[in-house]
Amino acid sequence: MNSNEQIINDFIAAWARLDANAVTEFFTDDAVYHNIPMKVVTGKENIRKAIPKFMRGVKELNFEIIHQVAAGNLVMNERLDHSAMEDGKKFSLPVFGVFELEGGKIKAWRDYFDLETFTKAMAA
């Protein structure tokens, strides 16, 4: 495992702890965070504001890595993001994540998933 892959594993662990401040600290100041079917978030301070919105109402979160590859400053993973909500809903979302790192921090994070699958799970 290369050091960038370990950084992403640590990043995923911060999500599992639902620690928005710890998650935010993994990004460079000029980072880009893009859930591809949604609006892009640019800059660490804007990411700091966005992350808690993704954690709102979440009781448990686990990113199950199916496959992960790393080469140089790029880490990609295929995962199932398992969520348990405070209202009792549980769902798993298939996701493909692309992480570009620079100086030990995430410079760009793009997650690809089906928005309809996510929306239906949240509405169920």
# chains A, B, ... in the order shown; residues from 1 in each chain; ligands from 1

call {"tool": "residues_around", "arguments": {"residues": "A:Ile106", "least_positions_apart": "2", "cutoff": "7 Å", "atoms": "only C-alpha atoms", "output": "PyMOL selection string"}}
result
chain A and resi 26-28+31+99-102+108-109

call {"tool": "write_last_selection", "arguments": {"atoms": "C-alpha atoms", "output": "PDB file, in the first residue's frame"}}
result
ATOM      1  CA  PHE A  26      -7.641  15.994   4.564  1.00  0.00           C
ATOM      2  CA  PHE A  27      -8.180  18.624   1.805  1.00  0.00           C
ATOM      3  CA  THR A  28      -5.821  21.203   0.307  1.00  0.00           C
ATOM      4  CA  ALA A  31      -9.450  21.400  -3.248  1.00  0.00           C
ATOM      5  CA  PHE A  99      -8.964  11.019  -5.428  1.00  0.00           C
ATOM      6  CA  GLU A 100      -6.100  13.215  -6.609  1.00  0.00           C
ATOM      7  CA  LEU A 101      -3.530  13.993  -3.921  1.00  0.00           C
ATOM      8  CA  GLU A 102      -0.896  16.675  -3.592  1.00  0.00           C
ATOM      9  CA  ALA A 108      -9.669  16.689  -5.902  1.00  0.00           C
ATOM     10  CA  TRP A 109     -12.319  14.158  -4.939  1.00  0.00           C
TER      11      TRP A 109
END

call {"tool": "select_by_dssp", "arguments": {"residues": "chain A", "states": "helix (DSSP H, G or I)", "output": "PyMOL selection string"}}
result
chain A and resi 3-16+20-24+44-55+115-123

call {"tool": "atom_distance", "arguments": {"atom1": "atom CA of A:Tyr112", "atom2": "atom CA of A:Val40"}}
result
12.2 Å

call {"tool": "select_by_dssp", "arguments": {"residues": "stretch 19-115 of chain A", "states": "strand (DSSP E)", "output": "ChimeraX atom specification"}}
result
/A:27-35,41-42,58-71,74-85,90-102,105-112

call {"tool": "write_last_selection", "arguments": {"atoms": "C-alpha atoms", "output": "PDB file, in the first residue's frame"}}
result
ATOM      1  CA  PHE A  27      -8.180  18.624   1.805  1.00  0.00           C
ATOM      2  CA  THR A  28      -5.821  21.203   0.307  1.00  0.00           C
ATOM      3  CA  ASP A  29      -6.951  24.830   0.589  1.00  0.00           C
ATOM      4  CA  ASP A  30      -7.926  24.888  -3.108  1.00  0.00           C
ATOM      5  CA  ALA A  31      -9.450  21.400  -3.248  1.00  0.00           C
ATOM      6  CA  VAL A  32     -12.411  20.386  -5.386  1.00  0.00           C
ATOM      7  CA  TYR A  33     -15.107  18.023  -4.065  1.00  0.00           C
ATOM      8  CA  HIS A  34     -17.628  16.836  -6.632  1.00  0.00           C
ATOM      9  CA  ASN A  35     -20.414  14.335  -6.212  1.00  0.00           C
ATOM     10  CA  VAL A  41     -17.762  22.402  -4.136  1.00  0.00           C
ATOM     11  CA  THR A  42     -14.503  24.337  -4.499  1.00  0.00           C
ATOM     12  CA  VAL A  58     -26.722   9.971   9.724  1.00  0.00           C
ATOM     13  CA  LYS A  59     -26.251   7.641  12.692  1.00  0.00           C
ATOM     14  CA  GLU A  60     -23.707   5.280  11.108  1.00  0.00           C
ATOM     15  CA  LEU A  61     -21.652   5.413   7.923  1.00  0.00           C
ATOM     16  CA  ASN A  62     -19.320   2.801   6.529  1.00  0.00           C
ATOM     17  CA  PHE A  63     -17.494   2.921   3.197  1.00  0.00           C
ATOM     18  CA  GLU A  64     -16.953  -0.700   2.185  1.00  0.00           C
ATOM     19  CA  ILE A  65     -14.067  -0.832  -0.287  1.00  0.00           C
ATOM     20  CA  ILE A  66     -14.657  -3.435  -3.005  1.00  0.00           C
ATOM     21  CA  HIS A  67     -11.576  -2.575  -5.082  1.00  0.00           C
ATOM     22  CA  GLN A  68      -8.953   0.117  -4.621  1.00  0.00           C
ATOM     23  CA  VAL A  69      -6.010   1.001  -6.812  1.00  0.00           C
ATOM     24  CA  ALA A  70      -3.309   3.602  -6.393  1.00  0.00           C
ATOM     25  CA  ALA A  71      -0.716   4.957  -8.782  1.00  0.00           C
ATOM     26  CA  LEU A  74      -4.116   9.025  -7.835  1.00  0.00           C
ATOM     27  CA  VAL A  75      -6.272   6.667  -5.748  1.00  0.00           C
ATOM     28  CA  MET A  76      -9.489   5.149  -7.091  1.00  0.00           C
ATOM     29  CA  ASN A  77     -11.956   2.933  -5.329  1.00  0.00           C
ATOM     30  CA  GLU A  78     -15.145   1.061  -6.018  1.00  0.00           C
ATOM     31  CA  ARG A  79     -17.220   1.000  -2.856  1.00  0.00           C
ATOM     32  CA  LEU A  80     -20.541   0.498  -1.195  1.00  0.00           C
ATOM     33  CA  ASP A  81     -21.390   3.374   1.100  1.00  0.00           C
ATOM     34  CA  HIS A  82     -23.582   1.931   3.858  1.00  0.00           C
ATOM     35  CA  SER A  83     -25.683   4.442   5.780  1.00  0.00           C
ATOM     36  CA  ALA A  84     -27.929   4.082   8.809  1.00  0.00           C
ATOM     37  CA  MET A  85     -30.046   7.140   9.423  1.00  0.00           C
ATOM     38  CA  LYS A  90     -30.690   1.966   6.083  1.00  0.00           C
ATOM     39  CA  PHE A  91     -29.316   1.833   2.571  1.00  0.00           C
ATOM     40  CA  SER A  92     -26.202   1.070   0.554  1.00  0.00           C
ATOM     41  CA  LEU A  93     -25.080   3.183  -2.381  1.00  0.00           C
ATOM     42  CA  PRO A  94     -22.663   1.877  -5.040  1.00  0.00           C
ATOM     43  CA  VAL A  95     -19.991   4.534  -5.614  1.00  0.00           C
ATOM     44  CA  PHE A  96     -16.824   4.941  -7.662  1.00  0.00           C
ATOM     45  CA  GLY A  97     -14.410   7.452  -6.118  1.00  0.00           C
ATOM     46  CA  VAL A  98     -11.439   9.215  -7.688  1.00  0.00           C
ATOM     47  CA  PHE A  99      -8.964  11.019  -5.428  1.00  0.00           C
ATOM     48  CA  GLU A 100      -6.100  13.215  -6.609  1.00  0.00           C
ATOM     49  CA  LEU A 101      -3.530  13.993  -3.921  1.00  0.00           C
ATOM     50  CA  GLU A 102      -0.896  16.675  -3.592  1.00  0.00           C
ATOM     51  CA  LYS A 105      -3.695  16.115   1.031  1.00  0.00           C
ATOM     52  CA  ILE A 106      -6.700  15.593  -1.245  1.00  0.00           C
ATOM     53  CA  LYS A 107      -6.588  18.098  -4.114  1.00  0.00           C
ATOM     54  CA  ALA A 108      -9.669  16.689  -5.902  1.00  0.00           C
ATOM     55  CA  TRP A 109     -12.319  14.158  -4.939  1.00  0.00           C
ATOM     56  CA  ARG A 110     -14.930  12.998  -7.413  1.00  0.00           C
ATOM     57  CA  ASP A 111     -17.595  10.453  -6.503  1.00  0.00           C
ATOM     58  CA  TYR A 112     -19.676   8.892  -9.247  1.00  0.00           C
TER      59      TYR A 112
END

call {"tool": "closest_residue", "arguments": {"among": "A:Glu25, A:Met55, A:Ala121, A:Trp15", "to": "A:Gly43", "atoms": "only C-alpha atoms"}}
result
A:Glu25

call {"tool": "closest_residue", "arguments": {"among": "A:Gly72, A:Asn9, A:Met122, A:Ala22", "to": "A:Ile47", "atoms": "only C-alpha atoms"}}
result
A:Ala22

call {"tool": "residues_around", "arguments": {"residues": "A:Arg48", "least_positions_apart": "5", "cutoff": "8 Å", "atoms": "only C-alpha atoms", "output": "number ranges by chain"}}
result
A: 20-21, 24

call {"tool": "closest_residue", "arguments": {"among": "A:Pro37, A:Asp87, A:Asn73, A:Glu116", "to": "A:Arg56", "atoms": "only C-alpha atoms"}}
result
A:Asp87

call {"tool": "closest_residue", "arguments": {"among": "A:Lys89, A:Val23, A:Phe118, A:Gly104", "to": "A:Gln6", "atoms": "only C-alpha atoms"}}
result
A:Gly104

call {"tool": "decode", "arguments": {"residues": "stretch 2-122 of chain A", "atoms": "C-alpha atoms", "output": "PDB file, in the first residue's frame"}}
result
ATOM      1  CA  ASN A   2       1.419   3.390  -0.940  1.00  0.00           C
ATOM      2  CA  SER A   3       1.199   6.429   1.344  1.00  0.00           C
ATOM      3  CA  ASN A   4      -1.561   8.073  -0.725  1.00  0.00           C
ATOM      4  CA  GLU A   5      -3.680   4.954  -0.421  1.00  0.00           C
ATOM      5  CA  GLN A   6      -3.165   5.056   3.364  1.00  0.00           C
ATOM      6  CA  ILE A   7      -4.249   8.713   3.400  1.00  0.00           C
ATOM      7  CA  ILE A   8      -7.500   7.755   1.654  1.00  0.00           C
ATOM      8  CA  ASN A   9      -8.053   4.871   4.081  1.00  0.00           C
ATOM      9  CA  ASP A  10      -7.574   7.307   6.976  1.00  0.00           C
ATOM     10  CA  PHE A  11      -9.954   9.758   5.277  1.00  0.00           C
ATOM     11  CA  ILE A  12     -12.596   7.036   5.003  1.00  0.00           C
ATOM     12  CA  ALA A  13     -12.107   6.223   8.694  1.00  0.00           C
ATOM     13  CA  ALA A  14     -12.804   9.887   9.557  1.00  0.00           C
ATOM     14  CA  TRP A  15     -16.107   9.628   7.653  1.00  0.00           C
ATOM     15  CA  ALA A  16     -16.994   6.506   9.657  1.00  0.00           C
ATOM     16  CA  ARG A  17     -16.443   8.515  12.858  1.00  0.00           C
ATOM     17  CA  LEU A  18     -18.781  11.209  11.434  1.00  0.00           C
ATOM     18  CA  ASP A  19     -16.072  13.744  12.261  1.00  0.00           C
ATOM     19  CA  ALA A  20     -16.653  16.605   9.808  1.00  0.00           C
ATOM     20  CA  ASN A  21     -13.657  18.614  11.053  1.00  0.00           C
ATOM     21  CA  ALA A  22     -11.290  15.661  10.654  1.00  0.00           C
ATOM     22  CA  VAL A  23     -12.690  14.943   7.175  1.00  0.00           C
ATOM     23  CA  THR A  24     -12.148  18.550   6.112  1.00  0.00           C
ATOM     24  CA  GLU A  25      -8.519  18.572   7.239  1.00  0.00           C
ATOM     25  CA  PHE A  26      -7.641  15.994   4.564  1.00  0.00           C
ATOM     26  CA  PHE A  27      -8.180  18.624   1.805  1.00  0.00           C
ATOM     27  CA  THR A  28      -5.821  21.203   0.307  1.00  0.00           C
ATOM     28  CA  ASP A  29      -6.951  24.830   0.589  1.00  0.00           C
ATOM     29  CA  ASP A  30      -7.926  24.888  -3.108  1.00  0.00           C
ATOM     30  CA  ALA A  31      -9.450  21.400  -3.248  1.00  0.00           C
ATOM     31  CA  VAL A  32     -12.411  20.386  -5.386  1.00  0.00           C
ATOM     32  CA  TYR A  33     -15.107  18.023  -4.065  1.00  0.00           C
ATOM     33  CA  HIS A  34     -17.628  16.836  -6.632  1.00  0.00           C
ATOM     34  CA  ASN A  35     -20.414  14.335  -6.212  1.00  0.00           C
ATOM     35  CA  ILE A  36     -20.796  14.104  -9.961  1.00  0.00           C
ATOM     36  CA  PRO A  37     -24.599  14.260 -10.151  1.00  0.00           C
ATOM     37  CA  MET A  38     -24.550  17.325  -7.860  1.00  0.00           C
ATOM     38  CA  LYS A  39     -22.956  20.766  -7.791  1.00  0.00           C
ATOM     39  CA  VAL A  40     -19.164  20.976  -7.387  1.00  0.00           C
ATOM     40  CA  VAL A  41     -17.762  22.402  -4.136  1.00  0.00           C
ATOM     41  CA  THR A  42     -14.503  24.337  -4.499  1.00  0.00           C
ATOM     42  CA  GLY A  43     -12.101  25.375  -1.746  1.00  0.00           C
ATOM     43  CA  LYS A  44     -11.457  23.905   1.688  1.00  0.00           C
ATOM     44  CA  GLU A  45     -13.659  26.441   3.485  1.00  0.00           C
ATOM     45  CA  ASN A  46     -16.628  25.664   1.233  1.00  0.00           C
ATOM     46  CA  ILE A  47     -15.971  21.953   1.686  1.00  0.00           C
ATOM     47  CA  ARG A  48     -15.928  22.578   5.464  1.00  0.00           C
ATOM     48  CA  LYS A  49     -19.462  23.989   5.149  1.00  0.00           C
ATOM     49  CA  ALA A  50     -20.682  21.193   2.848  1.00  0.00           C
ATOM     50  CA  ILE A  51     -19.454  18.106   4.727  1.00  0.00           C
ATOM     51  CA  PRO A  52     -21.842  18.450   7.713  1.00  0.00           C
ATOM     52  CA  LYS A  53     -24.779  18.558   5.281  1.00  0.00           C
ATOM     53  CA  PHE A  54     -23.833  15.081   4.056  1.00  0.00           C
ATOM     54  CA  MET A  55     -23.662  13.849   7.659  1.00  0.00           C
ATOM     55  CA  ARG A  56     -26.975  15.384   8.762  1.00  0.00           C
ATOM     56  CA  GLY A  57     -29.342  12.716  10.067  1.00  0.00           C
ATOM     57  CA  VAL A  58     -26.722   9.971   9.724  1.00  0.00           C
ATOM     58  CA  LYS A  59     -26.251   7.641  12.692  1.00  0.00           C
ATOM     59  CA  GLU A  60     -23.707   5.280  11.108  1.00  0.00           C
ATOM     60  CA  LEU A  61     -21.652   5.413   7.923  1.00  0.00           C
ATOM     61  CA  ASN A  62     -19.320   2.801   6.529  1.00  0.00           C
ATOM     62  CA  PHE A  63     -17.494   2.921   3.197  1.00  0.00           C
ATOM     63  CA  GLU A  64     -16.953  -0.700   2.185  1.00  0.00           C
ATOM     64  CA  ILE A  65     -14.067  -0.832  -0.287  1.00  0.00           C
ATOM     65  CA  ILE A  66     -14.657  -3.435  -3.005  1.00  0.00           C
ATOM     66  CA  HIS A  67     -11.576  -2.575  -5.082  1.00  0.00           C
ATOM     67  CA  GLN A  68      -8.953   0.117  -4.621  1.00  0.00           C
ATOM     68  CA  VAL A  69      -6.010   1.001  -6.812  1.00  0.00           C
ATOM     69  CA  ALA A  70      -3.309   3.602  -6.393  1.00  0.00           C
ATOM     70  CA  ALA A  71      -0.716   4.957  -8.782  1.00  0.00           C
ATOM     71  CA  GLY A  72       1.342   8.009  -8.001  1.00  0.00           C
ATOM     72  CA  ASN A  73      -0.916  10.780  -6.739  1.00  0.00           C
ATOM     73  CA  LEU A  74      -4.116   9.025  -7.835  1.00  0.00           C
ATOM     74  CA  VAL A  75      -6.272   6.667  -5.748  1.00  0.00           C
ATOM     75  CA  MET A  76      -9.489   5.149  -7.091  1.00  0.00           C
ATOM     76  CA  ASN A  77     -11.956   2.933  -5.329  1.00  0.00           C
ATOM     77  CA  GLU A  78     -15.145   1.061  -6.018  1.00  0.00           C
ATOM     78  CA  ARG A  79     -17.220   1.000  -2.856  1.00  0.00           C
ATOM     79  CA  LEU A  80     -20.541   0.498  -1.195  1.00  0.00           C
ATOM     80  CA  ASP A  81     -21.390   3.374   1.100  1.00  0.00           C
ATOM     81  CA  HIS A  82     -23.582   1.931   3.858  1.00  0.00           C
ATOM     82  CA  SER A  83     -25.683   4.442   5.780  1.00  0.00           C
ATOM     83  CA  ALA A  84     -27.929   4.082   8.809  1.00  0.00           C
ATOM     84  CA  MET A  85     -30.046   7.140   9.423  1.00  0.00           C
ATOM     85  CA  GLU A  86     -31.341   8.463  12.723  1.00  0.00           C
ATOM     86  CA  ASP A  87     -34.915   7.837  11.500  1.00  0.00           C
ATOM     87  CA  GLY A  88     -34.154   4.112  11.090  1.00  0.00           C
ATOM     88  CA  LYS A  89     -33.607   4.041   7.312  1.00  0.00           C
ATOM     89  CA  LYS A  90     -30.690   1.966   6.083  1.00  0.00           C
ATOM     90  CA  PHE A  91     -29.316   1.833   2.571  1.00  0.00           C
ATOM     91  CA  SER A  92     -26.202   1.070   0.554  1.00  0.00           C
ATOM     92  CA  LEU A  93     -25.080   3.183  -2.381  1.00  0.00           C
ATOM     93  CA  PRO A  94     -22.663   1.877  -5.040  1.00  0.00           C
ATOM     94  CA  VAL A  95     -19.991   4.534  -5.614  1.00  0.00           C
ATOM     95  CA  PHE A  96     -16.824   4.941  -7.662  1.00  0.00           C
ATOM     96  CA  GLY A  97     -14.410   7.452  -6.118  1.00  0.00           C
ATOM     97  CA  VAL A  98     -11.439   9.215  -7.688  1.00  0.00           C
ATOM     98  CA  PHE A  99      -8.964  11.019  -5.428  1.00  0.00           C
ATOM     99  CA  GLU A 100      -6.100  13.215  -6.609  1.00  0.00           C
ATOM    100  CA  LEU A 101      -3.530  13.993  -3.921  1.00  0.00           C
ATOM    101  CA  GLU A 102      -0.896  16.675  -3.592  1.00  0.00           C
ATOM    102  CA  GLY A 103       1.535  17.005  -0.697  1.00  0.00           C
ATOM    103  CA  GLY A 104      -0.286  14.439   1.423  1.00  0.00           C
ATOM    104  CA  LYS A 105      -3.695  16.115   1.031  1.00  0.00           C
ATOM    105  CA  ILE A 106      -6.700  15.593  -1.245  1.00  0.00           C
ATOM    106  CA  LYS A 107      -6.588  18.098  -4.114  1.00  0.00           C
ATOM    107  CA  ALA A 108      -9.669  16.689  -5.902  1.00  0.00           C
ATOM    108  CA  TRP A 109     -12.319  14.158  -4.939  1.00  0.00           C
ATOM    109  CA  ARG A 110     -14.930  12.998  -7.413  1.00  0.00           C
ATOM    110  CA  ASP A 111     -17.595  10.453  -6.503  1.00  0.00           C
ATOM    111  CA  TYR A 112     -19.676   8.892  -9.247  1.00  0.00           C
ATOM    112  CA  PHE A 113     -23.034   7.382  -8.281  1.00  0.00           C
ATOM    113  CA  ASP A 114     -26.602   7.186  -9.512  1.00  0.00           C
ATOM    114  CA  LEU A 115     -28.584  10.102  -8.094  1.00  0.00           C
ATOM    115  CA  GLU A 116     -31.925   8.309  -8.589  1.00  0.00           C
ATOM    116  CA  THR A 117     -30.726   5.368  -6.476  1.00  0.00           C
ATOM    117  CA  PHE A 118     -29.668   7.784  -3.725  1.00  0.00           C
ATOM    118  CA  THR A 119     -32.900   9.806  -3.906  1.00  0.00           C
ATOM    119  CA  LYS A 120     -35.114   6.700  -3.767  1.00  0.00           C
ATOM    120  CA  ALA A 121     -33.176   5.349  -0.771  1.00  0.00           C
ATOM    121  CA  MET A 122     -33.591   8.633   1.104  1.00  0.00           C
TER     122      MET A 122
END
